[in-house]
Amino acid sequence: MSVGRFLGMVGALIWRSSDGRYLILRRSTEKDYAAGIWECITGRVDQGEGFQDALRREVLEELGVEIQVDFIIGTMHFYRGESIPENEMIGIVYCCTIVDDQQIRIGWEHDQYRWLNLDEAQEYFPEDYWLLEIIKRGEQMRELMSPQQLILNRERGFEI
């Protein structure tokens, strides 16, 4: 396989500590790709930008709020559309805590949002839906994470 080029992306699964629910958003019908699907915050990493900077920027652009970055859920590899090099994406999905959910203001990229716990997400999405897998993993990791590790992650972040 040849060395290629791909776009970097970030995902933010946002958790609300008051009730243990996760934020899902429906992509606007005006989006050029995957209009109408439910997702977490997603976006591209701009040239010269680090993953965590892109994460914070995307959340601020799409929700108008600040976040605490709690931990990395995992990585993703997919094609945004047809499986050609120009559409290849590599990304990191983070779990984040929102400081004040009353301040959320969704922009043009989404037309609805909801808060679901894991049980509700399992009823809402098909078993193999990508976002359900992210919520499941985020929930498992949150249960296993020590308070000390969470504090360290929030203070230090993940960029080296």
# chains A, B, ... in the order shown; residues from 1 in each chain; ligands from 1

$ residues_around --residues "region 117-123 of chain A" --least-positions-apart "5" --cutoff "8 Å" --atoms "only C-alpha atoms" --output "ChimeraX atom specification"
/A:20-22,132,135-136,139

$ residues_around --residues "Ile151 (chain A)" --least-positions-apart "3" --cutoff "12 Å" --atoms "only C-alpha atoms" --output "list in words"
Gln68, Val69, Asp70, Phe71, Met145, Ser146, Pro147, Gln148, Arg154, Glu155, Arg156 and Gly157 of chain A

$ residues_around --residues "Phe158 (chain A)" --least-positions-apart "5" --cutoff "12 Å" --atoms "only C-alpha atoms" --output "number ranges by chain"
A: 50-53, 55, 69-72, 92-94, 150, 152-153

$ select_by_dssp --residues "chain A" --states "alpha helix (DSSP H)" --output "MDAnalysis selection string"
chainID A and resid 51:63 118:124 130:144 147:156

$ write_last_selection --atoms "N, CA and C atoms" --output "compact mmCIF listing (two decimals), in the first residue's frame"
# COMPACT_ATOMS: atom_id res chain seq x y z
N PHE A 51 -4.88 18.45 17.68
CA PHE A 51 -6.18 17.79 17.84
C PHE A 51 -7.02 18.43 18.94
N GLN A 52 -6.42 18.72 20.10
CA GLN A 52 -7.21 19.31 21.18
C GLN A 52 -7.65 20.73 20.86
N ASP A 53 -6.81 21.48 20.17
CA ASP A 53 -7.23 22.83 19.75
C ASP A 53 -8.41 22.73 18.80
N ALA A 54 -8.35 21.79 17.87
CA ALA A 54 -9.46 21.59 16.93
C ALA A 54 -10.72 21.16 17.67
N LEU A 55 -10.57 20.31 18.65
CA LEU A 55 -11.71 19.84 19.44
C LEU A 55 -12.41 21.01 20.12
N ARG A 56 -11.66 21.83 20.80
CA ARG A 56 -12.25 22.98 21.51
C ARG A 56 -12.88 23.97 20.52
N ARG A 57 -12.20 24.20 19.39
CA ARG A 57 -12.74 25.11 18.38
C ARG A 57 -14.05 24.58 17.83
N GLU A 58 -14.09 23.28 17.48
CA GLU A 58 -15.31 22.70 16.90
C GLU A 58 -16.49 22.78 17.88
N VAL A 59 -16.24 22.47 19.15
CA VAL A 59 -17.32 22.54 20.14
C VAL A 59 -17.81 23.98 20.29
N LEU A 60 -16.89 24.91 20.34
CA LEU A 60 -17.27 26.33 20.47
C LEU A 60 -18.06 26.78 19.24
N GLU A 61 -17.63 26.38 18.05
CA GLU A 61 -18.34 26.75 16.82
C GLU A 61 -19.73 26.12 16.76
N GLU A 62 -19.85 24.85 17.14
CA GLU A 62 -21.10 24.13 16.95
C GLU A 62 -22.08 24.26 18.12
N LEU A 63 -21.56 24.57 19.32
CA LEU A 63 -22.44 24.67 20.50
C LEU A 63 -22.34 26.00 21.23
N LEU A 118 -26.97 5.72 28.33
CA LEU A 118 -26.62 4.54 27.53
C LEU A 118 -27.85 3.68 27.23
N ASP A 119 -28.69 3.44 28.21
CA ASP A 119 -29.89 2.62 27.98
C ASP A 119 -30.79 3.24 26.92
N GLU A 120 -30.98 4.54 27.00
CA GLU A 120 -31.82 5.23 26.00
C GLU A 120 -31.18 5.17 24.62
N ALA A 121 -29.86 5.32 24.56
CA ALA A 121 -29.16 5.24 23.27
C ALA A 121 -29.31 3.85 22.66
N GLN A 122 -29.27 2.82 23.49
CA GLN A 122 -29.42 1.45 22.99
C GLN A 122 -30.82 1.21 22.43
N GLU A 123 -31.80 1.88 22.96
CA GLU A 123 -33.17 1.78 22.42
C GLU A 123 -33.33 2.64 21.17
N TYR A 124 -32.62 3.74 21.10
CA TYR A 124 -32.79 4.71 20.03
C TYR A 124 -32.08 4.34 18.74
N TRP A 130 -22.57 3.55 14.62
CA TRP A 130 -21.26 4.00 15.06
C TRP A 130 -21.31 4.84 16.33
N LEU A 131 -22.31 5.70 16.46
CA LEU A 131 -22.40 6.57 17.63
C LEU A 131 -22.74 5.78 18.89
N LEU A 132 -23.53 4.74 18.75
CA LEU A 132 -23.83 3.88 19.90
C LEU A 132 -22.56 3.21 20.40
N GLU A 133 -21.70 2.78 19.50
CA GLU A 133 -20.43 2.17 19.90
C GLU A 133 -19.56 3.17 20.66
N ILE A 134 -19.57 4.43 20.23
CA ILE A 134 -18.79 5.46 20.92
C ILE A 134 -19.36 5.70 22.32
N ILE A 135 -20.68 5.77 22.44
CA ILE A 135 -21.31 5.97 23.74
C ILE A 135 -21.01 4.79 24.67
N LYS A 136 -21.11 3.57 24.16
CA LYS A 136 -20.81 2.39 24.98
C LYS A 136 -19.38 2.43 25.50
N ARG A 137 -18.44 2.72 24.61
CA ARG A 137 -17.04 2.75 25.03
C ARG A 137 -16.79 3.88 26.00
N GLY A 138 -17.37 5.04 25.75
CA GLY A 138 -17.21 6.17 26.67
C GLY A 138 -17.73 5.84 28.05
N GLU A 139 -18.86 5.18 28.11
CA GLU A 139 -19.45 4.78 29.39
C GLU A 139 -18.55 3.78 30.12
N GLN A 140 -18.04 2.80 29.41
CA GLN A 140 -17.14 1.81 30.02
C GLN A 140 -15.87 2.46 30.55
N MET A 141 -15.31 3.35 29.76
CA MET A 141 -14.07 4.00 30.17
C MET A 141 -14.29 4.92 31.37
N ARG A 142 -15.41 5.62 31.37
CA ARG A 142 -15.72 6.51 32.50
C ARG A 142 -15.85 5.71 33.79
N GLU A 143 -16.49 4.54 33.73
CA GLU A 143 -16.66 3.69 34.91
C GLU A 143 -15.32 3.20 35.45
N LEU A 144 -14.36 2.96 34.56
CA LEU A 144 -13.06 2.41 34.97
C LEU A 144 -12.04 3.47 35.37
N PRO A 147 -10.64 8.90 39.75
CA PRO A 147 -10.75 10.37 39.85
C PRO A 147 -9.41 11.06 39.62
N GLN A 148 -8.32 10.43 40.08
CA GLN A 148 -7.00 11.03 39.91
C GLN A 148 -6.61 11.10 38.42
N GLN A 149 -6.93 10.04 37.67
CA GLN A 149 -6.61 10.03 36.24
C GLN A 149 -7.42 11.09 35.51
N LEU A 150 -8.69 11.24 35.87
CA LEU A 150 -9.54 12.25 35.25
C LEU A 150 -9.00 13.65 35.50
N ILE A 151 -8.57 13.91 36.72
CA ILE A 151 -7.99 15.22 37.05
C ILE A 151 -6.72 15.47 36.24
N LEU A 152 -5.86 14.44 36.16
CA LEU A 152 -4.63 14.57 35.38
C LEU A 152 -4.94 14.85 33.91
N ASN A 153 -5.89 14.11 33.34
CA ASN A 153 -6.27 14.33 31.94
C ASN A 153 -6.75 15.76 31.71
N ARG A 154 -7.59 16.25 32.61
CA ARG A 154 -8.14 17.60 32.45
C ARG A 154 -7.06 18.67 32.58
N GLU A 155 -6.11 18.44 33.49
CA GLU A 155 -5.06 19.44 33.71
C GLU A 155 -4.00 19.41 32.62
N ARG A 156 -3.58 18.22 32.20
CA ARG A 156 -2.47 18.08 31.27
C ARG A 156 -2.88 17.96 29.82

$ closest_residue --among "A:Gly48, A:Arg16, A:Ala35, A:Met76" --to "Ile98 (chain A)" --atoms "only C-alpha atoms"
A:Arg16

$ atom_distance --atom1 "CA of Ser28 (chain A)" --atom2 "CA of Gln102 (chain A)"
21.1 Å

$ closest_residue --among "A:Gln112, A:Thr75, A:Thr42, A:Gln47" --to "Arg26 (chain A)" --atoms "only C-alpha atoms"
A:Gln112

$ closest_residue --among "A:Ile41, A:Val65, A:Met9, A:Ile73" --to "Asp100 (chain A)" --atoms "only C-alpha atoms"
A:Val65

$ atom_distance --atom1 "CA of Leu116 (chain A)" --atom2 "CA of Arg27 (chain A)"
16.6 Å

$ select_by_dssp --residues "region 66-153 of chain A" --states "strand (DSSP E)" --output "MDAnalysis selection string"
chainID A and resid 67:79 88:98 110:116

$ write_last_selection --atoms "C-alpha atoms" --output "PDB file, in the first residue's frame"
ATOM      1  CA  ILE A  67     -15.676  21.940  27.587  1.00  0.00           C
ATOM      2  CA  GLN A  68     -13.396  19.957  29.856  1.00  0.00           C
ATOM      3  CA  VAL A  69     -11.552  17.236  27.945  1.00  0.00           C
ATOM      4  CA  ASP A  70     -11.828  14.074  30.058  1.00  0.00           C
ATOM      5  CA  PHE A  71     -10.282  11.232  28.061  1.00  0.00           C
ATOM      6  CA  ILE A  72      -9.724   9.742  24.621  1.00  0.00           C
ATOM      7  CA  ILE A  73     -12.380   7.200  23.668  1.00  0.00           C
ATOM      8  CA  GLY A  74     -10.582   5.931  20.595  1.00  0.00           C
ATOM      9  CA  THR A  75      -9.556   6.519  17.012  1.00  0.00           C
ATOM     10  CA  MET A  76     -11.533   6.378  13.787  1.00  0.00           C
ATOM     11  CA  HIS A  77     -10.703   5.682  10.162  1.00  0.00           C
ATOM     12  CA  PHE A  78     -13.390   6.256   7.546  1.00  0.00           C
ATOM     13  CA  TYR A  79     -14.198   7.818   4.211  1.00  0.00           C
ATOM     14  CA  GLU A  88     -10.061   9.554   3.747  1.00  0.00           C
ATOM     15  CA  MET A  89     -10.297  10.672   7.379  1.00  0.00           C
ATOM     16  CA  ILE A  90      -8.309   9.708  10.476  1.00  0.00           C
ATOM     17  CA  GLY A  91      -9.597  10.971  13.777  1.00  0.00           C
ATOM     18  CA  ILE A  92      -9.557  10.942  17.547  1.00  0.00           C
ATOM     19  CA  VAL A  93     -12.781  10.814  19.547  1.00  0.00           C
ATOM     20  CA  TYR A  94     -12.699  12.396  23.000  1.00  0.00           C
ATOM     21  CA  CYS A  95     -15.136  12.268  25.891  1.00  0.00           C
ATOM     22  CA  CYS A  96     -15.741  15.727  27.301  1.00  0.00           C
ATOM     23  CA  THR A  97     -17.758  17.259  30.105  1.00  0.00           C
ATOM     24  CA  ILE A  98     -19.797  20.340  29.487  1.00  0.00           C
ATOM     25  CA  HIS A 110     -27.386  20.870  13.370  1.00  0.00           C
ATOM     26  CA  ASP A 111     -31.127  21.275  13.654  1.00  0.00           C
ATOM     27  CA  GLN A 112     -31.850  19.255  16.826  1.00  0.00           C
ATOM     28  CA  TYR A 113     -30.128  17.915  19.895  1.00  0.00           C
ATOM     29  CA  ARG A 114     -30.978  15.472  22.688  1.00  0.00           C
ATOM     30  CA  TRP A 115     -29.468  14.066  25.842  1.00  0.00           C
ATOM     31  CA  LEU A 116     -29.488  10.255  26.169  1.00  0.00           C
TER      32      LEU A 116
END

$ closest_residue --among "A:Trp15, A:Asp32, A:Val10, A:Glu109" --to "Glu49 (chain A)" --atoms "only C-alpha atoms"
A:Val10
